[in-house]
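J.: Next up, query-v7.csv (CSV, C-alpha atoms).
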chain,number,residue,atom,x,y,z
A,12,MET,CA,37.4,22.7,-61.5
A,13,ILE,CA,35.3,20.1,-59.7
A,14,TYR,CA,36.7,17.3,-57.5
A,15,ARG,CA,34.5,14.4,-56.8
A,16,LYS,CA,34.2,10.6,-56.4
A,17,ALA,CA,34.1,8.9,-59.7
A,18,THR,CA,31.0,7.1,-60.9
A,19,THR,CA,30.3,4.4,-63.5
A,20,ASN,CA,29.5,7.1,-66.0
A,21,ASP,CA,33.1,8.2,-65.8
A,22,ILE,CA,34.7,4.9,-66.7
A,23,TYR,CA,35.3,5.7,-70.4
A,24,GLN,CA,36.7,9.2,-69.8
A,25,ILE,CA,39.0,7.8,-67.1
A,26,ALA,CA,40.2,5.0,-69.3
A,27,TYR,CA,40.7,7.4,-72.1
A,28,LEU,CA,42.8,9.7,-70.0
A,29,ILE,CA,44.9,6.8,-68.6
A,30,THR,CA,45.5,5.4,-72.1
A,31,LYS,CA,46.5,8.9,-73.4
A,32,THR,CA,48.8,9.8,-70.5
A,33,ILE,CA,50.2,6.5,-69.2
A,34,GLY,CA,49.4,3.6,-71.4
A,35,THR,CA,48.4,0.8,-69.0
A,36,CYS,CA,49.8,-1.2,-66.1
A,37,ASN,CA,47.7,-4.3,-67.0
A,38,ILE,CA,50.3,-6.1,-69.0
A,39,LYS,CA,48.6,-9.5,-68.6
A,40,SER,CA,45.6,-8.5,-70.6
A,41,SER,CA,45.3,-9.7,-74.2
A,42,LYS,CA,43.0,-6.8,-75.0
A,43,ASN,CA,44.0,-3.5,-76.5
A,44,ILE,CA,45.2,-0.8,-74.1
A,45,PHE,CA,42.0,1.2,-74.0
A,46,GLU,CA,39.8,-2.0,-73.4
A,47,SER,CA,42.3,-3.2,-70.8
A,48,ASN,CA,42.0,0.2,-69.0
A,49,ILE,CA,38.2,0.1,-69.0
A,50,GLU,CA,38.4,-3.4,-67.4
A,51,GLU,CA,40.8,-2.3,-64.7
A,52,VAL,CA,39.0,0.9,-63.8
A,53,THR,CA,35.6,-0.8,-63.8
A,54,LYS,CA,36.8,-3.2,-61.0
A,55,ASP,CA,37.6,-0.3,-58.6
A,56,ILE,CA,35.5,2.6,-59.9
A,57,LYS,CA,34.2,3.3,-56.3
A,58,ASN,CA,37.8,3.9,-55.2
A,59,TYR,CA,38.6,6.7,-57.7
A,60,TYR,CA,38.5,10.5,-57.4
A,61,VAL,CA,38.4,12.7,-60.5
A,62,CYS,CA,38.9,16.4,-61.3
A,63,SER,CA,36.8,17.8,-64.1
A,64,SER,CA,36.6,21.0,-66.0
A,65,ASN,CA,33.7,21.8,-68.3
A,66,LYS,CA,32.4,18.2,-67.8
A,67,LYS,CA,35.7,16.7,-69.0
A,68,ILE,CA,37.8,14.6,-66.7
A,69,ILE,CA,41.3,16.2,-66.5
A,70,GLY,CA,42.8,14.2,-63.6
A,71,LEU,CA,42.2,11.1,-61.6
A,72,CYS,CA,43.6,9.0,-58.8
A,73,GLY,CA,42.4,5.6,-57.5
A,74,ILE,CA,43.3,3.5,-54.5
A,75,SER,CA,43.0,-0.3,-54.2
A,76,LYS,CA,41.2,-2.4,-51.7
A,77,ILE,CA,43.4,-3.9,-49.0
A,78,LEU,CA,46.0,-6.2,-50.6
A,79,ASN,CA,47.1,-9.2,-48.7
A,80,LYS,CA,50.0,-10.0,-51.0
A,81,ASP,CA,53.3,-8.2,-50.8
A,82,SER,CA,54.3,-8.1,-54.5
A,83,PHE,CA,57.6,-6.2,-53.8
A,84,ASN,CA,58.8,-8.0,-50.7
A,85,LEU,CA,58.6,-5.0,-48.5
A,86,GLY,CA,57.4,-6.8,-45.4
A,87,LEU,CA,54.1,-4.9,-45.5
A,88,LYS,CA,50.7,-6.5,-44.7
A,89,ASN,CA,47.2,-5.2,-45.4
A,90,VAL,CA,48.5,-2.4,-47.6
A,91,LYS,CA,46.6,-0.3,-50.1
A,92,GLU,CA,48.1,0.7,-53.5
A,93,ILE,CA,47.6,3.8,-55.5
A,94,LEU,CA,46.1,2.6,-58.8
A,95,TYR,CA,46.2,4.9,-61.8
A,96,PHE,CA,47.1,8.5,-61.0
A,97,CYS,CA,47.4,11.0,-63.8
A,98,VAL,CA,46.6,14.6,-64.9
A,99,GLU,CA,46.0,15.9,-68.4
A,100,PRO,CA,49.4,17.4,-69.3
A,101,LYS,CA,48.2,20.9,-70.0
A,102,TYR,CA,46.7,21.0,-66.5
A,103,GLN,CA,49.8,19.8,-64.7
A,104,PHE,CA,51.6,21.9,-62.1
A,105,ASN,CA,48.4,23.5,-60.8
A,106,GLY,CA,47.9,21.3,-57.7
A,107,ILE,CA,45.4,19.0,-59.3
A,108,GLY,CA,47.5,15.8,-58.7
A,109,THR,CA,48.2,16.8,-55.1
A,110,ASN,CA,44.5,17.4,-54.4
A,111,LEU,CA,43.5,14.1,-56.0
A,112,LEU,CA,46.2,12.2,-54.1
A,113,LYS,CA,45.1,13.7,-50.9
A,114,LEU,CA,41.4,12.8,-51.6
A,115,CYS,CA,42.5,9.1,-52.0
A,116,ILE,CA,44.9,8.8,-49.0
A,117,ASN,CA,43.7,11.2,-46.3
A,118,ASN,CA,41.3,8.8,-44.5
A,119,ILE,CA,43.3,5.6,-45.1
A,120,LYS,CA,44.7,3.9,-42.0
A,121,ASN,CA,46.8,1.4,-43.9
A,122,ASP,CA,50.3,1.8,-45.4
A,123,ILE,CA,50.0,2.9,-49.0
A,124,ILE,CA,52.3,1.9,-51.8
A,125,PHE,CA,52.8,3.5,-55.2
A,126,GLU,CA,54.8,2.0,-58.1
A,127,ALA,CA,56.2,5.1,-59.7
A,128,TRP,CA,58.0,5.4,-63.0
A,129,GLY,CA,59.8,8.1,-64.9
A,130,ASP,CA,61.1,8.3,-68.4
A,131,ASN,CA,63.1,11.6,-67.8
A,132,GLY,CA,66.2,9.8,-66.7
A,133,LYS,CA,66.5,11.7,-63.4
A,134,TYR,CA,63.6,10.8,-61.2
A,135,VAL,CA,60.1,9.3,-61.3
A,136,ASN,CA,57.4,11.6,-62.8
A,137,SER,CA,55.5,11.9,-59.5
A,138,LYS,CA,58.5,12.3,-57.2
A,139,PHE,CA,57.7,15.8,-55.9
A,140,ILE,CA,54.0,15.1,-55.3
A,141,LEU,CA,54.9,11.9,-53.4
A,142,GLU,CA,57.5,13.7,-51.2
A,143,LYS,CA,55.1,16.5,-50.5
A,144,ASN,CA,52.5,14.0,-49.3
A,145,GLY,CA,54.7,12.0,-47.0
A,146,PHE,CA,55.7,9.1,-49.2
A,147,ARG,CA,59.2,7.7,-49.1
A,148,MET,CA,61.1,5.9,-51.8
A,149,VAL,CA,61.8,2.4,-50.3
A,150,LYS,CA,62.8,0.3,-53.3
A,151,ASN,CA,64.6,1.2,-56.5
A,152,LEU,CA,63.6,-1.3,-59.2
A,153,GLY,CA,66.2,0.1,-61.5
A,154,ASP,CA,66.0,1.6,-65.0
A,155,SER,CA,65.4,-1.7,-66.9
A,156,TYR,CA,62.7,-3.2,-64.7
A,157,TYR,CA,59.8,-2.4,-67.0
A,158,ARG,CA,61.7,-3.5,-70.1
A,159,LYS,CA,62.7,-6.8,-68.4
A,160,ASN,CA,59.1,-7.4,-67.3
A,161,ASN,CA,57.6,-6.7,-70.7
A,162,TYR,CA,55.7,-3.5,-69.8
A,163,CYS,CA,57.0,-1.4,-72.7
A,164,HIS,CA,54.5,-2.5,-75.3
A,165,LYS,CA,51.6,-1.1,-73.0
A,166,CYS,CA,53.4,2.2,-72.3
A,167,ILE,CA,52.4,5.6,-73.7
A,168,ASN,CA,56.0,6.0,-74.8
A,169,LYS,CA,56.1,2.6,-76.6
A,170,ASN,CA,57.1,4.1,-79.9
A,171,LYS,CA,59.9,6.2,-78.4
A,172,GLY,CA,62.4,3.4,-78.4
A,173,CYS,CA,63.3,4.0,-74.8
A,174,ASN,CA,66.0,2.0,-73.3
A,175,LYS,CA,65.6,3.2,-69.7
A,176,CYS,CA,62.6,4.0,-67.5
A,177,ILE,CA,63.2,4.5,-63.8
A,178,ALA,CA,61.0,2.4,-61.6
A,179,GLU,CA,60.6,2.9,-57.8
A,180,ILE,CA,58.4,1.8,-55.0
A,181,TRP,CA,57.2,4.6,-52.7
A,182,VAL,CA,55.4,4.0,-49.4
A,183,LYS,CA,53.4,6.3,-47.1
A,184,TYR,CA,53.6,4.6,-43.7
A,185,LYS,CA,50.4,4.9,-41.6
A,186,THR,CA,50.9,2.1,-39.2
A,187,ILE,CA,54.3,3.0,-37.6
Show me the file's structure as structure tokens.
T.:
Amino acid sequence: MIYRKATTNDIYQIAYLITKTIGTCNIKSSKNIFESNIEEVTKDIKNYYVCSSNKKIIGLCGISKILNKDSFNLGLKNVKEILYFCVEPKYQFNGIGTNLLKLCINNIKNDIIFEAWGDNGKYVNSKFILEKNGFRMVKNLGDSYYRKNNYCHKCINKNKGCNKCIAEIWVKYKTI
């Protein structure tokens, strides 16, 4: 497996993996999910890391530029946010996600936020990786946040008929 910075040549593979494993977070786009993901990834491609096996991207993690806006009213300023973060399901539980997250956050001097979700009814999907890497859950958005804010039609599980999806905000404090 090879870990590296993403390049513009990776945009379509990254967008495909996001579409296949997550759906999208860009609910404001009128484009289809794959096109929306291409657009989102293209904006920040220099801030992504990927893991590939046999020239196929099997995992990715991106981090935003500095955000001046505190969307979740956490009292944070000049924060960065984890963008898309996913690993091909058959490669999960092999440390790939942990390695990608570390590549994104290790040299960051700002606080880092991550909007995590989980459809398992118990905890967010990335809970254990986040805890292992020093993130703390700081805000529980509840299990109807995504439904109330019209995210469901862009989710990978949109045809599941889900009623609940846990949503939480996690922070890795760097400026304490």
J.: Applying 12 Å and only C-alpha atoms, which residues near Asn144 (chain A) remain after dropping the ones on its own chain fewer than 6 positions away? List them as a ChimeraX atom specification.
T.: /A:108-117,123,137-138,181-184
J.: Since we have the selection now, will you write its residues out, keeping C-alpha atoms, as a PDB file, keeping the file's coordinate frame?
T.:
ATOM      1  CA  GLY A 108      47.500  15.800 -58.700  1.00  0.00           C
ATOM      2  CA  THR A 109      48.200  16.800 -55.100  1.00  0.00           C
ATOM      3  CA  ASN A 110      44.500  17.400 -54.400  1.00  0.00           C
ATOM      4  CA  LEU A 111      43.500  14.100 -56.000  1.00  0.00           C
ATOM      5  CA  LEU A 112      46.200  12.200 -54.100  1.00  0.00           C
ATOM      6  CA  LYS A 113      45.100  13.700 -50.900  1.00  0.00           C
ATOM      7  CA  LEU A 114      41.400  12.800 -51.600  1.00  0.00           C
ATOM      8  CA  CYS A 115      42.500   9.100 -52.000  1.00  0.00           C
ATOM      9  CA  ILE A 116      44.900   8.800 -49.000  1.00  0.00           C
ATOM     10  CA  ASN A 117      43.700  11.200 -46.300  1.00  0.00           C
ATOM     11  CA  ILE A 123      50.000   2.900 -49.000  1.00  0.00           C
ATOM     12  CA  SER A 137      55.500  11.900 -59.500  1.00  0.00           C
ATOM     13  CA  LYS A 138      58.500  12.300 -57.200  1.00  0.00           C
ATOM     14  CA  TRP A 181      57.200   4.600 -52.700  1.00  0.00           C
ATOM     15  CA  VAL A 182      55.400   4.000 -49.400  1.00  0.00           C
ATOM     16  CA  LYS A 183      53.400   6.300 -47.100  1.00  0.00           C
ATOM     17  CA  TYR A 184      53.600   4.600 -43.700  1.00  0.00           C
TER      18      TYR A 184
END
J.: CA of Ser82 (chain A) and CA of Glu179 (chain A), how far apart in Å?
T.: 13.1 Å
J.: Grab the CA of Lys185 (chain A) to CA of Asn121 (chain A) distance for me, in Å with one decimal place.
T.: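 Interatomic distance here is 5.5 Å.
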J.: Counting only C-alpha atoms, which of A:Cys72, A:Ile180, A:Ile29, A:Ile77 gets nearest to Phe96 (chain A)?
T.: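 Looking only at the distances to Phe96 (chain A), the closest residue turns out to be A:Cys72.
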J.: Fewer than 6 positions away in the same chain doesn't count, so skip those; otherwise give me all residues within 12 Å of Gln103 (chain A), counting all atoms listed in the file, as an MDAnalysis selection string.
T.: chainID A and resid 32 62 69:71 97 109:110 136:137 140
J.: Which of these residues is nearest to Lys31 (chain A), using all atoms listed in the file: A:Val98, A:Ser64, A:Ala17, A:Gly86?
T.: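 Ranking A:Val98, A:Ser64, A:Ala17, A:Gly86 by distance to Lys31 (chain A), first place goes to A:Val98.
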J.: In Å, how far is it from CA of Glu46 (chain A) to CA of Leu152 (chain A)?
T.: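 So the two atoms, CA of Glu46 (chain A) and CA of Leu152 (chain A), lie 27.7 Å apart.
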J.: What lies within 10 Å of Ile119 (chain A) using all atoms listed in the file, ignoring chain neighbours under 6 positions off, as a PDB file with C-alpha atoms, keeping the file's coordinate frame?
T.:
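Wrote it out as out-v3.pdb, contents follow:
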ATOM      1  CA  ILE A  74      43.300   3.500 -54.500  1.00  0.00           C
ATOM      2  CA  VAL A  90      48.500  -2.400 -47.600  1.00  0.00           C
ATOM      3  CA  LYS A  91      46.600  -0.300 -50.100  1.00  0.00           C
ATOM      4  CA  LYS A 185      50.400   4.900 -41.600  1.00  0.00           C
TER       5      LYS A 185
END
J.: So which residues touch Thr53 (chain A) within 12 Å, counting only C-alpha atoms, skipping near sequence neighbours fewer than 3 positions away, as a ChimeraX atom specification?
T.: /A:17-26,46-50,56-59,73
J.: Taking only N, CA and C atoms, show region 58-97 of chain A of the given structure as a tab-separated table (two decimals), in the first residue's frame.
T.:
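The result, stored in out-v3.tsv:
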chain	number	residue	atom	x	y	z
A	58	ASN	N	-5.08	19.38	-0.41
A	58	ASN	CA	-5.18	19.11	1.02
A	58	ASN	C	-5.65	17.68	1.32
A	59	TYR	N	-5.52	16.80	0.35
A	59	TYR	CA	-5.92	15.40	0.52
A	59	TYR	C	-4.71	14.48	0.51
A	60	TYR	N	-4.85	13.41	1.27
A	60	TYR	CA	-3.91	12.29	1.22
A	60	TYR	C	-4.70	11.06	0.79
A	61	VAL	N	-4.04	10.16	0.08
A	61	VAL	CA	-4.69	8.94	-0.36
A	61	VAL	C	-3.82	7.73	-0.02
A	62	CYS	N	-4.47	6.60	0.04
A	62	CYS	CA	-3.78	5.31	0.13
A	62	CYS	C	-4.22	4.53	-1.08
A	63	SER	N	-3.24	3.96	-1.80
A	63	SER	CA	-3.59	3.18	-2.98
A	63	SER	C	-2.98	1.79	-2.91
A	64	SER	N	-3.64	0.88	-3.59
A	64	SER	CA	-3.17	-0.49	-3.71
A	64	SER	C	-3.41	-0.87	-5.17
A	65	ASN	N	-2.36	-1.33	-5.82
A	65	ASN	CA	-2.45	-1.68	-7.24
A	65	ASN	C	-3.03	-0.54	-8.08
A	66	LYS	N	-2.56	0.67	-7.79
A	66	LYS	CA	-2.94	1.90	-8.51
A	66	LYS	C	-4.41	2.29	-8.32
A	67	LYS	N	-5.09	1.68	-7.37
A	67	LYS	CA	-6.48	2.01	-7.08
A	67	LYS	C	-6.53	2.68	-5.71
A	68	ILE	N	-7.20	3.83	-5.63
A	68	ILE	CA	-7.33	4.52	-4.34
A	68	ILE	C	-8.32	3.76	-3.48
A	69	ILE	N	-7.85	3.38	-2.27
A	69	ILE	CA	-8.69	2.61	-1.36
A	69	ILE	C	-9.01	3.37	-0.08
A	70	GLY	N	-8.40	4.55	0.09
A	70	GLY	CA	-8.68	5.37	1.26
A	70	GLY	C	-8.26	6.80	1.00
A	71	LEU	N	-8.90	7.72	1.73
A	71	LEU	CA	-8.56	9.13	1.55
A	71	LEU	C	-8.95	9.92	2.78
A	72	CYS	N	-8.27	11.03	2.94
A	72	CYS	CA	-8.61	11.98	4.00
A	72	CYS	C	-8.15	13.36	3.54
A	73	GLY	N	-9.01	14.34	3.75
A	73	GLY	CA	-8.68	15.71	3.39
A	73	GLY	C	-8.90	16.63	4.57
A	74	ILE	N	-8.20	17.76	4.53
A	74	ILE	CA	-8.36	18.77	5.58
A	74	ILE	C	-8.53	20.13	4.91
A	75	SER	N	-9.41	20.93	5.47
A	75	SER	CA	-9.74	22.22	4.86
A	75	SER	C	-8.64	23.25	5.07
A	76	LYS	N	-8.80	24.35	4.36
A	76	LYS	CA	-8.01	25.54	4.66
A	76	LYS	C	-8.56	26.10	5.97
A	77	ILE	N	-7.96	27.14	6.49
A	77	ILE	CA	-8.45	27.73	7.75
A	77	ILE	C	-9.83	28.32	7.53
A	78	LEU	N	-10.74	27.95	8.44
A	78	LEU	CA	-12.11	28.46	8.39
A	78	LEU	C	-12.24	29.60	9.38
A	79	ASN	N	-12.83	30.66	8.95
A	79	ASN	CA	-13.03	31.80	9.84
A	79	ASN	C	-14.41	31.77	10.49
A	80	LYS	N	-15.28	30.89	9.99
A	80	LYS	CA	-16.65	30.82	10.46
A	80	LYS	C	-16.81	29.61	11.38
A	81	ASP	N	-17.49	29.79	12.49
A	81	ASP	CA	-17.76	28.72	13.44
A	81	ASP	C	-19.19	28.23	13.22
A	82	SER	N	-19.35	27.29	12.31
A	82	SER	CA	-20.68	26.80	11.92
A	82	SER	C	-21.44	26.11	13.04
A	83	PHE	N	-20.74	25.59	14.02
A	83	PHE	CA	-21.39	24.81	15.07
A	83	PHE	C	-21.42	25.52	16.43
A	84	ASN	N	-21.10	26.82	16.44
A	84	ASN	CA	-21.12	27.62	17.67
A	84	ASN	C	-20.31	26.99	18.80
A	85	LEU	N	-19.06	26.67	18.50
A	85	LEU	CA	-18.18	26.04	19.48
A	85	LEU	C	-17.23	27.05	20.12
A	86	GLY	N	-17.25	28.28	19.65
A	86	GLY	CA	-16.33	29.29	20.17
A	86	GLY	C	-14.91	29.13	19.64
A	87	LEU	N	-14.76	28.45	18.53
A	87	LEU	CA	-13.43	28.23	17.94
A	87	LEU	C	-13.19	29.24	16.83
A	88	LYS	N	-11.93	29.66	16.70
A	88	LYS	CA	-11.55	30.57	15.63
A	88	LYS	C	-10.37	29.97	14.87
A	89	ASN	N	-10.28	30.29	13.60
A	89	ASN	CA	-9.18	29.83	12.76
A	89	ASN	C	-8.97	28.32	12.88
A	90	VAL	N	-10.05	27.61	12.69
A	90	VAL	CA	-10.07	26.16	12.82
A	90	VAL	C	-9.96	25.52	11.44
A	91	LYS	N	-9.50	24.29	11.39
A	91	LYS	CA	-9.51	23.50	10.16
A	91	LYS	C	-10.51	22.37	10.36
A	92	GLU	N	-11.02	21.86	9.25
A	92	GLU	CA	-12.02	20.80	9.34
A	92	GLU	C	-11.60	19.61	8.48
A	93	ILE	N	-11.80	18.41	9.03
A	93	ILE	CA	-11.58	17.22	8.22
A	93	ILE	C	-12.66	17.23	7.15
A	94	LEU	N	-12.24	17.08	5.92
A	94	LEU	CA	-13.18	17.05	4.81
A	94	LEU	C	-13.65	15.60	4.66
A	95	TYR	N	-13.70	15.08	3.50
A	95	TYR	CA	-14.08	13.69	3.32
A	95	TYR	C	-12.99	12.78	3.90
A	96	PHE	N	-13.43	11.69	4.53
A	96	PHE	CA	-12.53	10.74	5.18
A	96	PHE	C	-13.18	9.36	5.06
A	97	CYS	N	-12.60	8.49	4.23
A	97	CYS	CA	-13.20	7.16	4.07
A	97	CYS	C	-12.17	6.15	3.57
